[in-house]
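*Asks:* Let me give you the structure first, and then I'll get to my questions.
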Amino acid sequence: MDCNRSAAHTPATTCTRLVLVAVATYLAVVSVGHANEPGVAHPGLADARRDAMAAAAELNTQLRGQLQSTLKSGGAVGAVAACSTIAPAVTAEVTKPTLTVKRTALRVRNENNAADDFELRVLSAFVAKTAAGADPASLVHEEVVATPQGPAFRFMKAIPMADQPCATCHGKSIAPDVAAEVKRLYPRDEAVGFEAGQIRGAISVIRQLP
């Protein structure tokens, strides 16, 4: 509808009202888009967001704590071997019946962590934002999506590449014995060659909504 042309025949408020109706209709069907975009809250969204953020934080804290402990006791080679069992165990512990948690990346070490289409899109956006100067530690994304089980809240938080201890196993200069152990456990490993400050991956959470 051409608001400028119709204003000569109807009150000026008519077009304004139509625009407001259109905006209201749009917001009614959009529950959550990218993080920080406005939307109408889906029932249970606040609880889903809280659960997703808590799960992501728990996974990160437990993994870092256990891996740092293993690095001290068994060195880098021992940490690589331990990580192959610690990471899946911690992930399974954090996962709940209505909440799925995983680590993923554009370049993964464990093929079981390969990104789905949604995660690929968000990870690519994280990389672009970091290249444009954003702090990778601050990058999160949340969105309500349709699934076969019903609406679900998807949450992703970027994992920045830290200098240590991450560079020991994921950096550009990896000790030969560490590289050999990585190759033995993960023949198709792609998660190397990162520099501090880059996006190494993300924690991805799916929380079913009522």
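Here, A, B, ... name the chains of the structure tokens in the order displayed, residue numbers run from 1 inside each chain, and ligands are numbered from 1 in the same displayed order.
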Mind checking which residues fall within 8 Å of stretch 88-98 of chain A, counting only C-alpha atoms, ignoring those fewer than 4 positions away in the same chain, and posting them as a PDB file with C-alpha atoms, in the first residue's frame?
*Replies:*
```pdb
ATOM      1  CA  ALA A  55      24.631 -26.022  30.994  1.00  0.00           C
ATOM      2  CA  GLU A  58      28.982 -26.136  33.573  1.00  0.00           C
ATOM      3  CA  LEU A  59      30.398 -27.935  30.541  1.00  0.00           C
ATOM      4  CA  GLN A  62      34.197 -29.012  34.180  1.00  0.00           C
ATOM      5  CA  LEU A  63      36.194 -29.601  31.003  1.00  0.00           C
ATOM      6  CA  SER A  84      39.111 -38.455  24.402  1.00  0.00           C
ATOM      7  CA  LYS A 102      27.706 -30.411  22.669  1.00  0.00           C
ATOM      8  CA  ARG A 207      16.469 -26.974  25.076  1.00  0.00           C
ATOM      9  CA  GLN A 208      12.973 -28.188  24.191  1.00  0.00           C
TER      10      GLN A 208
END
```
*Asks:* Quick one: of A:Ala125, A:Val178, A:Ala137, A:Ala167, who's nearest to A:Gly74, counting only C-alpha atoms?
*Replies:*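 Going through A:Ala125, A:Val178, A:Ala137, A:Ala167 one by one, the smallest distance to A:Gly74 is for A:Val178.
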*Asks:* From a backbone DSSP assignment, name each residue in stretch 136-173 of chain A labelled alpha helix (DSSP H), as a PyMOL selection string.
*Replies:* chain A and resi 166-170
*Asks:* Atoms to include: N, CA and C atoms. Write the selected residues as a PDB file, in the first residue's frame.
*Replies:*
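Generated file (out15.pdb):
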```
ATOM      1  N   CYS A 166      45.226 -24.135  25.558  1.00  0.00           N
ATOM      2  CA  CYS A 166      44.652 -24.567  24.270  1.00  0.00           C
ATOM      3  C   CYS A 166      45.703 -24.770  23.181  1.00  0.00           C
ATOM      4  N   ALA A 167      46.705 -23.853  23.148  1.00  0.00           N
ATOM      5  CA  ALA A 167      47.689 -23.907  22.072  1.00  0.00           C
ATOM      6  C   ALA A 167      48.515 -25.185  22.107  1.00  0.00           C
ATOM      7  N   THR A 168      48.589 -25.821  23.261  1.00  0.00           N
ATOM      8  CA  THR A 168      49.377 -27.047  23.386  1.00  0.00           C
ATOM      9  C   THR A 168      48.900 -28.122  22.418  1.00  0.00           C
ATOM     10  N   CYS A 169      47.586 -28.196  22.230  1.00  0.00           N
ATOM     11  CA  CYS A 169      47.013 -29.241  21.369  1.00  0.00           C
ATOM     12  C   CYS A 169      46.301 -28.707  20.133  1.00  0.00           C
ATOM     13  N   HIS A 170      46.025 -27.392  20.114  1.00  0.00           N
ATOM     14  CA  HIS A 170      45.256 -26.829  19.001  1.00  0.00           C
ATOM     15  C   HIS A 170      45.975 -25.692  18.275  1.00  0.00           C
TER      16      HIS A 170
END
```
*Asks:* Between atom CA of A:Leu99 and atom CA of A:His42, what is the spacing in Å?
*Replies:* 16.8 Å
*Asks:* What's around A:Arg121 at 12 Å? Count only C-alpha atoms, leave out sequence neighbours fewer than 6 positions away in its own chain, and write the answer as a PyMOL selection string.
*Replies:* chain A and resi 34+105-106+115+127-128+141+156+202
*Asks:* Going by DSSP on the backbone, which bits of chain A are strand (DSSP E or B)? Write them as a PyMOL selection string, please.
*Replies:* chain A and resi 96+99-105+114+140-147+150-160+199-208
*Asks:* Please, could you write that set of residues out with N, CA and C atoms as a short mmCIF file (atom, residue, chain, number, x, y, z; two decimals), in the first residue's frame?
*Replies:*
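Listed below is the output, result18.cif:
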```cif
data_model
loop_
_atom_site.label_atom_id
_atom_site.label_comp_id
_atom_site.auth_asym_id
_atom_site.auth_seq_id
_atom_site.Cartn_x
_atom_site.Cartn_y
_atom_site.Cartn_z
N LYS A 96 20.60 -33.41 29.62
CA LYS A 96 19.39 -33.83 30.33
C LYS A 96 18.35 -34.31 29.31
N LEU A 99 17.35 -31.39 27.34
CA LEU A 99 18.43 -30.45 27.05
C LEU A 99 19.64 -31.21 26.52
N THR A 100 20.07 -30.84 25.31
CA THR A 100 21.23 -31.47 24.68
C THR A 100 22.37 -30.47 24.60
N VAL A 101 23.56 -30.92 24.99
CA VAL A 101 24.73 -30.05 24.99
C VAL A 101 25.84 -30.70 24.17
N LYS A 102 26.57 -29.90 23.42
CA LYS A 102 27.71 -30.41 22.67
C LYS A 102 28.69 -29.29 22.42
N ARG A 103 29.92 -29.66 22.11
CA ARG A 103 30.89 -28.72 21.58
C ARG A 103 31.00 -28.97 20.09
N THR A 104 31.14 -27.92 19.34
CA THR A 104 31.23 -28.07 17.89
C THR A 104 32.15 -26.99 17.33
N ALA A 105 32.45 -27.09 16.05
CA ALA A 105 33.36 -26.13 15.42
C ALA A 105 33.27 -26.28 13.91
N ALA A 114 30.72 -32.78 14.79
CA ALA A 114 30.51 -32.00 13.57
C ALA A 114 29.27 -31.11 13.68
N VAL A 140 27.48 -14.67 21.66
CA VAL A 140 26.46 -15.68 21.92
C VAL A 140 25.36 -15.52 20.87
N HIS A 141 24.60 -16.57 20.69
CA HIS A 141 23.46 -16.52 19.76
C HIS A 141 22.35 -17.35 20.36
N GLU A 142 21.11 -16.85 20.27
CA GLU A 142 19.96 -17.62 20.74
C GLU A 142 18.82 -17.47 19.76
N GLU A 143 18.06 -18.55 19.61
CA GLU A 143 16.99 -18.55 18.62
C GLU A 143 16.00 -19.67 18.93
N VAL A 144 14.73 -19.42 18.69
CA VAL A 144 13.72 -20.46 18.81
C VAL A 144 13.50 -21.06 17.43
N VAL A 145 13.58 -22.39 17.35
CA VAL A 145 13.45 -23.07 16.06
C VAL A 145 12.39 -24.17 16.16
N ALA A 146 11.89 -24.58 15.02
CA ALA A 146 10.94 -25.69 14.97
C ALA A 146 11.71 -27.00 14.83
N THR A 147 11.32 -28.02 15.59
CA THR A 147 11.92 -29.35 15.51
C THR A 147 10.81 -30.39 15.45
N GLY A 150 8.80 -30.41 18.47
CA GLY A 150 8.16 -29.17 18.86
C GLY A 150 9.17 -28.03 18.90
N PRO A 151 8.75 -26.84 19.35
CA PRO A 151 9.66 -25.70 19.39
C PRO A 151 10.81 -25.94 20.36
N ALA A 152 11.98 -25.44 19.99
CA ALA A 152 13.16 -25.61 20.84
C ALA A 152 13.95 -24.31 20.87
N PHE A 153 14.59 -24.08 22.00
CA PHE A 153 15.46 -22.92 22.18
C PHE A 153 16.89 -23.37 21.90
N ARG A 154 17.54 -22.70 20.96
CA ARG A 154 18.92 -23.03 20.63
C ARG A 154 19.82 -21.90 21.10
N PHE A 155 20.89 -22.29 21.78
CA PHE A 155 21.82 -21.33 22.37
C PHE A 155 23.23 -21.74 22.00
N MET A 156 24.03 -20.78 21.56
CA MET A 156 25.43 -21.06 21.27
C MET A 156 26.32 -19.98 21.87
N LYS A 157 27.41 -20.41 22.46
CA LYS A 157 28.41 -19.50 23.02
C LYS A 157 29.76 -19.83 22.42
N ALA A 158 30.43 -18.81 21.89
CA ALA A 158 31.71 -19.02 21.24
C ALA A 158 32.78 -19.49 22.22
N ILE A 159 33.68 -20.33 21.73
CA ILE A 159 34.85 -20.76 22.49
C ILE A 159 36.06 -20.08 21.87
N PRO A 160 36.63 -19.07 22.54
CA PRO A 160 37.80 -18.40 21.98
C PRO A 160 39.04 -19.28 22.13
N ILE A 199 38.21 -17.80 16.87
CA ILE A 199 37.11 -18.66 17.30
C ILE A 199 37.52 -20.12 17.08
N ARG A 200 37.67 -20.87 18.16
CA ARG A 200 38.02 -22.28 18.02
C ARG A 200 36.79 -23.14 17.83
N GLY A 201 35.67 -22.69 18.35
CA GLY A 201 34.43 -23.45 18.23
C GLY A 201 33.35 -22.80 19.07
N ALA A 202 32.40 -23.60 19.51
CA ALA A 202 31.31 -23.08 20.34
C ALA A 202 30.67 -24.20 21.13
N ILE A 203 30.05 -23.83 22.23
CA ILE A 203 29.20 -24.75 22.97
C ILE A 203 27.79 -24.54 22.44
N SER A 204 27.14 -25.63 22.07
CA SER A 204 25.81 -25.56 21.48
C SER A 204 24.81 -26.30 22.36
N VAL A 205 23.71 -25.62 22.69
CA VAL A 205 22.70 -26.21 23.57
C VAL A 205 21.34 -26.16 22.88
N ILE A 206 20.61 -27.25 22.97
CA ILE A 206 19.22 -27.30 22.49
C ILE A 206 18.33 -27.64 23.68
N ARG A 207 17.40 -26.77 23.95
CA ARG A 207 16.47 -26.97 25.08
C ARG A 207 15.05 -26.97 24.53
N GLN A 208 14.35 -28.11 24.67
CA GLN A 208 12.97 -28.19 24.19
C GLN A 208 12.08 -27.24 25.00
#
```
*Asks:* Between A:Leu67, A:Arg49, A:Arg107, A:Ala162, which one has atoms that come closest to A:Ala81, using only C-alpha atoms?
*Replies:*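 Among the listed residues, A:Leu67 lies closest to A:Ala81.
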*Asks:* With distances taken over only C-alpha atoms, which residue among A:Glu195, A:Lys129, A:Tyr186, A:Pro165 lies nearest A:Lys72?
*Replies:*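 Ranking A:Glu195, A:Lys129, A:Tyr186, A:Pro165 by distance to A:Lys72, first place goes to A:Pro165.
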*Asks:* I need the residue nearest A:Gln198 from this list: A:Glu119, A:Asp135, A:Glu181, A:Asp51. Use only C-alpha atoms for the distance.
*Replies:*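 When distances to A:Gln198 are compared using only C-alpha atoms, the smallest one comes from A:Asp135.
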*Asks:* Please measure the separation of atom CA of A:Arg184 and atom CA of A:Thr61, giving the value in Å to one decimal.
*Replies:*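 These two atoms are separated by 26.9 Å.
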*Asks:* Which residue out of A:Pro187, A:Pro43, A:Gly197, A:Pro176 has the minimum interatomic distance to A:Phe126 when only C-alpha atoms are used?
*Replies:*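 Of all the options, A:Gly197 lies closest to A:Phe126.
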*Asks:* What's the separation between atom CA of A:Arg188 and atom CA of A:Glu111, in Å to one decimal place?
*Replies:*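 Calculated distance between atom CA of A:Arg188 and atom CA of A:Glu111 is 7.9 Å.
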